[in-house]
Structure formats: structure tokens, C-alpha cells
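Visitor: One structure coming up, written as C-alpha cells, with questions to follow.
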Amino acid sequence: MEKLLLSLGGLAGIGGTLLCAVAGAMRRTGRHWAGGFETRTLLQGGMAAMIFACLCYLVVLVQRR
């Protein structure tokens, strides 16, 4: 279970960071839509993925006690 949470947290963290970076870069270039989604929506999805990654890591830390 611990390995699953660590790998899931790592993937979610990397994916969320990339999604936030893409949304921020698009916003700075003046594009407000990407693939039918508004860039604010992509940014929120990236933040949600990073929060999920933090929660996965938190569960692992609590279980190690």
C-alpha cells in the first residue's frame, strides 16, 4: 500500500505541476482556451492534482508512525 501511495503521489504531483505550468504559460501568451477548457480550469485541475499528491504523502507519513 505504501509503494502504491508513493508512486501515485509522485505521478499526481508531476502531472499537476506540468498542468499548472502549461496553463500558466498559455495564459501569459494570451491564450485563454486549450482543448475546449479555459486555462483557469486547467490551473485548478493542476492544483487539485498537487493537493492529492500531498495527501498521498501525508497518509504514508502517518502510517510510518
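Ligands are numbered from 1 in the order shown, chains are lettered A, B, ... in the order of the C-alpha cells, and residues start at 1 in each chain.
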List the spatial neighbours of Thr17 in chain A as a list of chain:residue names - criterion: any atom at most 8 Å away, only C-alpha atoms, same-chain residues fewer than 3 positions off excluded.

Guide: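 Surrounding residues, per the criterion: A:Gly13, A:Ile14, A:Cys20, A:Ala21, A:Gly46, A:Met47, A:Met50.
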
Visitor: Write down as a CSV table (one decimal) with N, CA, C and O atoms, in the first residue's frame the residues of chain A whose backbone DSSP state falls under alpha helix (DSSP H).

Guide:
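What ended up in part.csv:
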chain,number,residue,atom,x,y,z
A,2,GLU,N,2.0,1.2,0.8
A,2,GLU,CA,2.8,2.3,0.9
A,2,GLU,C,3.5,2.7,-0.5
A,2,GLU,O,3.5,3.8,-0.9
A,3,LYS,N,3.9,1.6,-1.2
A,3,LYS,CA,4.5,1.9,-2.5
A,3,LYS,C,3.5,2.4,-3.5
A,3,LYS,O,3.8,3.3,-4.3
A,4,LEU,N,2.3,1.9,-3.4
A,4,LEU,CA,1.2,2.4,-4.3
A,4,LEU,C,1.0,3.9,-4.0
A,4,LEU,O,0.9,4.7,-5.0
A,5,LEU,N,0.9,4.3,-2.8
A,5,LEU,CA,0.6,5.7,-2.4
A,5,LEU,C,1.8,6.6,-2.8
A,5,LEU,O,1.6,7.7,-3.3
A,6,LEU,N,3.0,6.1,-2.7
A,6,LEU,CA,4.1,6.9,-3.0
A,6,LEU,C,4.2,7.1,-4.6
A,6,LEU,O,4.5,8.2,-5.0
A,7,SER,N,4.0,6.1,-5.3
A,7,SER,CA,4.0,6.2,-6.8
A,7,SER,C,2.8,7.0,-7.3
A,7,SER,O,3.0,7.8,-8.2
A,8,LEU,N,1.7,6.8,-6.7
A,8,LEU,CA,0.5,7.6,-7.1
A,8,LEU,C,0.7,9.1,-6.7
A,8,LEU,O,0.4,10.0,-7.5
A,9,GLY,N,1.3,9.3,-5.6
A,9,GLY,CA,1.5,10.7,-5.2
A,9,GLY,C,2.6,11.4,-6.1
A,9,GLY,O,2.4,12.5,-6.5
A,10,GLY,N,3.6,10.6,-6.5
A,10,GLY,CA,4.6,11.2,-7.4
A,10,GLY,C,4.1,11.5,-8.7
A,10,GLY,O,4.3,12.6,-9.3
A,11,LEU,N,3.3,10.6,-9.3
A,11,LEU,CA,2.6,10.8,-10.6
A,11,LEU,C,1.7,12.0,-10.6
A,11,LEU,O,1.7,12.8,-11.5
A,12,ALA,N,0.9,12.1,-9.5
A,12,ALA,CA,-0.1,13.2,-9.4
A,12,ALA,C,0.7,14.5,-9.2
A,12,ALA,O,0.2,15.5,-9.8
A,13,GLY,N,1.7,14.5,-8.5
A,13,GLY,CA,2.5,15.7,-8.3
A,13,GLY,C,3.2,16.2,-9.5
A,13,GLY,O,3.1,17.4,-9.9
A,14,ILE,N,3.8,15.3,-10.3
A,14,ILE,CA,4.4,15.7,-11.5
A,14,ILE,C,3.3,16.2,-12.5
A,14,ILE,O,3.5,17.2,-13.2
A,15,GLY,N,2.3,15.4,-12.6
A,15,GLY,CA,1.2,15.8,-13.6
A,15,GLY,C,0.6,17.1,-13.2
A,15,GLY,O,0.3,17.9,-14.1
A,16,GLY,N,0.3,17.4,-11.9
A,16,GLY,CA,-0.2,18.6,-11.5
A,16,GLY,C,0.7,19.8,-11.8
A,16,GLY,O,0.3,20.9,-12.2
A,17,THR,N,2.0,19.6,-11.5
A,17,THR,CA,3.0,20.6,-11.8
A,17,THR,C,3.0,21.0,-13.3
A,17,THR,O,3.0,22.2,-13.6
A,18,LEU,N,3.0,20.0,-14.1
A,18,LEU,CA,3.1,20.2,-15.5
A,18,LEU,C,1.8,20.9,-16.0
A,18,LEU,O,1.9,21.8,-16.9
A,19,LEU,N,0.7,20.5,-15.5
A,19,LEU,CA,-0.6,21.1,-15.9
A,19,LEU,C,-0.6,22.6,-15.5
A,19,LEU,O,-1.1,23.4,-16.3
A,20,CYS,N,-0.2,22.9,-14.3
A,20,CYS,CA,-0.1,24.3,-13.9
A,20,CYS,C,0.9,25.1,-14.7
A,20,CYS,O,0.6,26.2,-15.1
A,21,ALA,N,2.0,24.5,-15.1
A,21,ALA,CA,3.0,25.2,-15.9
A,21,ALA,C,2.4,25.5,-17.3
A,21,ALA,O,2.6,26.6,-17.8
A,22,VAL,N,1.8,24.5,-17.9
A,22,VAL,CA,1.2,24.7,-19.2
A,22,VAL,C,0.1,25.7,-19.2
A,22,VAL,O,0.0,26.6,-20.0
A,23,ALA,N,-0.8,25.7,-18.1
A,23,ALA,CA,-1.8,26.7,-18.0
A,23,ALA,C,-1.3,28.1,-17.8
A,23,ALA,O,-1.8,29.0,-18.4
A,24,GLY,N,-0.2,28.2,-17.0
A,24,GLY,CA,0.4,29.5,-16.8
A,24,GLY,C,1.1,30.0,-18.0
A,24,GLY,O,0.9,31.2,-18.3
A,25,ALA,N,1.7,29.2,-18.7
A,25,ALA,CA,2.4,29.6,-20.0
A,25,ALA,C,1.4,30.0,-21.0
A,25,ALA,O,1.6,31.0,-21.7
A,26,MET,N,0.3,29.3,-21.1
A,26,MET,CA,-0.7,29.7,-22.1
A,26,MET,C,-1.3,31.0,-21.8
A,26,MET,O,-1.6,31.8,-22.6
A,27,ARG,N,-1.6,31.2,-20.5
A,27,ARG,CA,-2.2,32.4,-20.0
A,27,ARG,C,-1.3,33.6,-20.3
A,27,ARG,O,-1.8,34.7,-20.7
A,28,ARG,N,0.0,33.4,-20.1
A,28,ARG,CA,1.0,34.5,-20.3
A,28,ARG,C,1.1,34.9,-21.8
A,28,ARG,O,1.4,36.0,-22.2
A,39,THR,N,-8.2,28.1,-19.4
A,39,THR,CA,-6.9,27.9,-18.8
A,39,THR,C,-7.1,27.9,-17.2
A,39,THR,O,-6.3,27.3,-16.5
A,40,ARG,N,-8.1,28.7,-16.7
A,40,ARG,CA,-8.3,28.7,-15.3
A,40,ARG,C,-8.7,27.3,-14.8
A,40,ARG,O,-8.3,26.9,-13.7
A,41,THR,N,-9.5,26.6,-15.6
A,41,THR,CA,-9.9,25.2,-15.3
A,41,THR,C,-8.7,24.3,-15.2
A,41,THR,O,-8.6,23.4,-14.4
A,42,LEU,N,-7.8,24.4,-16.2
A,42,LEU,CA,-6.6,23.6,-16.2
A,42,LEU,C,-5.7,23.9,-15.0
A,42,LEU,O,-5.2,23.0,-14.4
A,43,LEU,N,-5.7,25.2,-14.6
A,43,LEU,CA,-4.9,25.5,-13.4
A,43,LEU,C,-5.5,24.9,-12.2
A,43,LEU,O,-4.8,24.4,-11.3
A,44,GLN,N,-6.8,24.9,-12.0
A,44,GLN,CA,-7.5,24.3,-10.9
A,44,GLN,C,-7.3,22.8,-10.9
A,44,GLN,O,-7.1,22.2,-9.8
A,45,GLY,N,-7.3,22.2,-12.0
A,45,GLY,CA,-7.1,20.8,-12.1
A,45,GLY,C,-5.7,20.4,-11.7
A,45,GLY,O,-5.4,19.4,-11.0
A,46,GLY,N,-4.7,21.2,-12.1
A,46,GLY,CA,-3.3,21.0,-11.7
A,46,GLY,C,-3.1,21.2,-10.2
A,46,GLY,O,-2.4,20.4,-9.5
A,47,MET,N,-3.8,22.2,-9.6
A,47,MET,CA,-3.7,22.4,-8.2
A,47,MET,C,-4.3,21.3,-7.4
A,47,MET,O,-3.8,20.8,-6.4
A,48,ALA,N,-5.5,20.8,-7.9
A,48,ALA,CA,-6.1,19.6,-7.3
A,48,ALA,C,-5.2,18.4,-7.3
A,48,ALA,O,-5.2,17.6,-6.3
A,49,ALA,N,-4.5,18.2,-8.4
A,49,ALA,CA,-3.6,17.0,-8.5
A,49,ALA,C,-2.5,17.1,-7.5
A,49,ALA,O,-2.1,16.1,-6.9
A,50,MET,N,-2.0,18.3,-7.3
A,50,MET,CA,-0.9,18.5,-6.4
A,50,MET,C,-1.3,18.3,-5.0
A,50,MET,O,-0.6,17.8,-4.1
A,51,ILE,N,-2.5,18.8,-4.7
A,51,ILE,CA,-3.1,18.6,-3.3
A,51,ILE,C,-3.3,17.1,-3.1
A,51,ILE,O,-3.0,16.6,-2.0
A,52,PHE,N,-3.8,16.4,-4.1
A,52,PHE,CA,-3.9,14.9,-3.9
A,52,PHE,C,-2.6,14.2,-3.7
A,52,PHE,O,-2.5,13.3,-2.9
A,53,ALA,N,-1.6,14.7,-4.4
A,53,ALA,CA,-0.2,14.1,-4.1
A,53,ALA,C,0.2,14.4,-2.7
A,53,ALA,O,0.8,13.5,-2.1
A,54,CYS,N,0.0,15.6,-2.2
A,54,CYS,CA,0.4,15.9,-0.8
A,54,CYS,C,-0.4,15.0,0.2
A,54,CYS,O,0.2,14.5,1.2
A,55,LEU,N,-1.7,14.8,-0.1
A,55,LEU,CA,-2.4,13.9,0.8
A,55,LEU,C,-1.9,12.5,0.7
A,55,LEU,O,-1.9,11.8,1.8
A,56,CYS,N,-1.5,12.0,-0.4
A,56,CYS,CA,-1.0,10.6,-0.5
A,56,CYS,C,0.3,10.5,0.3
A,56,CYS,O,0.5,9.6,1.1
A,57,TYR,N,1.2,11.5,0.2
A,57,TYR,CA,2.4,11.5,1.0
A,57,TYR,C,2.1,11.6,2.5
A,57,TYR,O,2.8,11.0,3.3
A,58,LEU,N,1.1,12.4,2.9
A,58,LEU,CA,0.7,12.5,4.3
A,58,LEU,C,0.2,11.2,4.8
A,58,LEU,O,0.6,10.9,6.0
A,59,VAL,N,-0.5,10.5,4.1
A,59,VAL,CA,-1.0,9.2,4.5
A,59,VAL,C,0.2,8.2,4.8
A,59,VAL,O,0.2,7.5,5.8
A,60,VAL,N,1.1,8.3,3.9
A,60,VAL,CA,2.3,7.4,4.1
A,60,VAL,C,3.1,7.8,5.3
A,60,VAL,O,3.5,7.0,6.1
A,61,LEU,N,3.2,9.1,5.6
A,61,LEU,CA,3.9,9.6,6.8
A,61,LEU,C,3.2,9.2,8.0
A,61,LEU,O,3.8,8.8,9.0
A,62,VAL,N,1.9,9.3,8.1
A,62,VAL,CA,1.1,8.9,9.2
A,62,VAL,C,1.2,7.4,9.5
A,62,VAL,O,1.3,7.0,10.7
A,63,GLN,N,1.2,6.6,8.4
A,63,GLN,CA,1.3,5.2,8.6
A,63,GLN,C,2.6,4.7,9.2
A,63,GLN,O,2.7,3.7,9.8
